[in-house]
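Since the structure comes first, as structure tokens, the remarks are kept for the end.
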Amino acid sequence: MITARQSRAARALLGWTQETLADRARVSLTALKRLESESGLEVYESTRDEVRRAFESGGIVFLNSDQGVGVMLVNRKRDD
């Protein structure tokens, strides 16, 4: 499950605003703000999934281990 901190960190790595992410994930800006809120607001799992897919298409990999969670921006292969 994508966390609020992971979403904000991934946006920072990609240089995306909340508006950009909402557009790319095809979710409402309000839903995205709920997802990125630290107050534990309820968010549909489908919203989290769409946001995750948008990030992954941008080159983000989500990290999750017993030591913590994070994000990484990977180099994507280019067609030459």
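Order determines the names: the first chain of the structure tokens is A, the second B, and so forth; residues in each chain are numbered 1 upward, and ligands are numbered 1 upward as they are shown.
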
request  = Please identify all polymer residues within 8 Å of segment 21-30 of chain A, counting only C-alpha atoms, omitting same-chain residues fewer than 6 positions from it, and present them as a VMD selection string.
outcome  = chain A and resid 11 47 50 to 51 53 to 54

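Of the listed residues (A:Met72, A:Asn64, A:Gln18, A:Arg34), A:Arg34 comes nearest to Arg48 of chain A; the distances count only C-alpha atoms.
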
query = So what do you get for atom CA of Gln6 of chain A versus atom CA of Asn75 of chain A, distance-wise?
reply = 18.5 Å

task = Name the residues of segment 1-46 of chain A that come out as helix (DSSP H, G or I) in a backbone DSSP run; write them as a ChimeraX atom specification.
result = /A:4-14,18-25,29-36,45-46

Would you put the residues from that selection into a file with C-alpha atoms, as a PDB file, in the first residue's frame?
ATOM      1  CA  ALA A   4       1.230   9.540   2.144  1.00  0.00           C
ATOM      2  CA  ARG A   5       4.969  10.062   2.593  1.00  0.00           C
ATOM      3  CA  GLN A   6       5.813   7.798  -0.332  1.00  0.00           C
ATOM      4  CA  SER A   7       3.444   9.738  -2.565  1.00  0.00           C
ATOM      5  CA  ARG A   8       4.921  13.095  -1.596  1.00  0.00           C
ATOM      6  CA  ALA A   9       8.481  11.775  -1.977  1.00  0.00           C
ATOM      7  CA  ALA A  10       7.742  10.260  -5.379  1.00  0.00           C
ATOM      8  CA  ARG A  11       6.206  13.516  -6.580  1.00  0.00           C
ATOM      9  CA  ALA A  12       9.306  15.382  -5.430  1.00  0.00           C
ATOM     10  CA  LEU A  13      11.604  12.993  -7.314  1.00  0.00           C
ATOM     11  CA  LEU A  14       9.579  13.454 -10.487  1.00  0.00           C
ATOM     12  CA  GLN A  18      -0.415  17.437  -6.953  1.00  0.00           C
ATOM     13  CA  GLU A  19      -2.352  18.669  -9.967  1.00  0.00           C
ATOM     14  CA  THR A  20       0.008  16.884 -12.364  1.00  0.00           C
ATOM     15  CA  LEU A  21      -0.245  13.626 -10.445  1.00  0.00           C
ATOM     16  CA  ALA A  22      -4.033  13.821 -10.165  1.00  0.00           C
ATOM     17  CA  ASP A  23      -4.230  14.342 -13.930  1.00  0.00           C
ATOM     18  CA  ARG A  24      -1.817  11.494 -14.752  1.00  0.00           C
ATOM     19  CA  ALA A  25      -3.519   9.121 -12.290  1.00  0.00           C
ATOM     20  CA  LEU A  29      -7.354  16.481  -6.712  1.00  0.00           C
ATOM     21  CA  THR A  30      -9.431  16.101  -3.542  1.00  0.00           C
ATOM     22  CA  ALA A  31      -8.858  12.337  -3.497  1.00  0.00           C
ATOM     23  CA  LEU A  32      -5.124  12.843  -3.984  1.00  0.00           C
ATOM     24  CA  LYS A  33      -4.977  15.370  -1.160  1.00  0.00           C
ATOM     25  CA  ARG A  34      -6.720  12.850   1.090  1.00  0.00           C
ATOM     26  CA  LEU A  35      -4.167  10.195   0.119  1.00  0.00           C
ATOM     27  CA  GLU A  36      -1.250  12.530   0.899  1.00  0.00           C
ATOM     28  CA  GLU A  45      -7.987   1.402  -2.711  1.00  0.00           C
ATOM     29  CA  SER A  46      -8.706   2.082  -6.391  1.00  0.00           C
TER      30      SER A  46
END

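Interatomic distance, atom CA of Glu38 of chain A against atom CA of Phe55 of chain A: 19.5 Å.
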
request  = Would you kindly return, as a list in words, each protein, DNA or RNA residue with an atom no farther than 8 Å from any atom of Val74 of chain A, considering only C-alpha atoms and excluding same-chain residues fewer than 2 positions away?
outcome  = Gly59, Ile60, Val61, Met72 and Arg76 of chain A

What does the file look like for those residues with C-alpha atoms, as a CSV table (one decimal), in the first residue's frame?
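So the final result, stored in out-v4.csv, reads:
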chain,number,residue,atom,x,y,z
A,59,GLY,CA,9.9,5.4,-13.3
A,60,ILE,CA,9.2,5.2,-9.5
A,61,VAL,CA,9.8,2.0,-7.6
A,72,MET,CA,13.4,5.2,-5.8
A,76,ARG,CA,14.0,3.8,-17.8

request  = Using atom CA of Thr3 of chain A and atom CA of Phe62 of chain A as the two end points, give the distance in Å to one decimal.
outcome  = 9.9 Å

key: Filtered DSSP result for chain A, state strand (DSSP E or B), as a ChimeraX atom specification   = /A:60-65,68-73

Produce a file of the selected residues containing N, CA and C atoms, as an mmCIF file, in the first residue's frame.
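What landed in again25.cif:
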data_model
loop_
_atom_site.group_PDB
_atom_site.id
_atom_site.type_symbol
_atom_site.label_atom_id
_atom_site.label_comp_id
_atom_site.auth_asym_id
_atom_site.auth_seq_id
_atom_site.Cartn_x
_atom_site.Cartn_y
_atom_site.Cartn_z
ATOM 1 N N ILE A 60 9.042 5.382 -10.988
ATOM 2 C CA ILE A 60 9.158 5.224 -9.539
ATOM 3 C C ILE A 60 9.016 3.757 -9.150
ATOM 4 N N VAL A 61 9.876 3.313 -8.235
ATOM 5 C CA VAL A 61 9.772 1.984 -7.641
ATOM 6 C C VAL A 61 9.505 2.186 -6.157
ATOM 7 N N PHE A 62 8.510 1.489 -5.643
ATOM 8 C CA PHE A 62 8.170 1.590 -4.224
ATOM 9 C C PHE A 62 8.939 0.537 -3.444
ATOM 10 N N LEU A 63 9.554 0.960 -2.345
ATOM 11 C CA LEU A 63 10.363 0.085 -1.513
ATOM 12 C C LEU A 63 9.637 -0.157 -0.201
ATOM 13 N N ASN A 64 9.654 -1.404 0.256
ATOM 14 C CA ASN A 64 8.995 -1.749 1.505
ATOM 15 C C ASN A 64 9.745 -2.923 2.123
ATOM 16 N N SER A 65 10.309 -2.702 3.296
ATOM 17 C CA SER A 65 11.023 -3.774 3.990
ATOM 18 C C SER A 65 10.733 -3.680 5.475
ATOM 19 N N GLY A 68 11.694 -0.269 6.812
ATOM 20 C CA GLY A 68 10.951 0.932 6.475
ATOM 21 C C GLY A 68 10.445 0.919 5.048
ATOM 22 N N VAL A 69 9.907 2.056 4.635
ATOM 23 C CA VAL A 69 9.365 2.221 3.285
ATOM 24 C C VAL A 69 10.052 3.394 2.620
ATOM 25 N N GLY A 70 10.005 3.411 1.297
ATOM 26 C CA GLY A 70 10.612 4.508 0.557
ATOM 27 C C GLY A 70 10.251 4.434 -0.911
ATOM 28 N N VAL A 71 10.922 5.266 -1.696
ATOM 29 C CA VAL A 71 10.734 5.291 -3.143
ATOM 30 C C VAL A 71 12.085 5.480 -3.805
ATOM 31 N N MET A 72 12.161 5.048 -5.051
ATOM 32 C CA MET A 72 13.387 5.198 -5.827
ATOM 33 C C MET A 72 12.987 5.523 -7.263
ATOM 34 N N LEU A 73 13.722 6.433 -7.878
ATOM 35 C CA LEU A 73 13.513 6.760 -9.283
ATOM 36 C C LEU A 73 14.542 5.982 -10.078
#
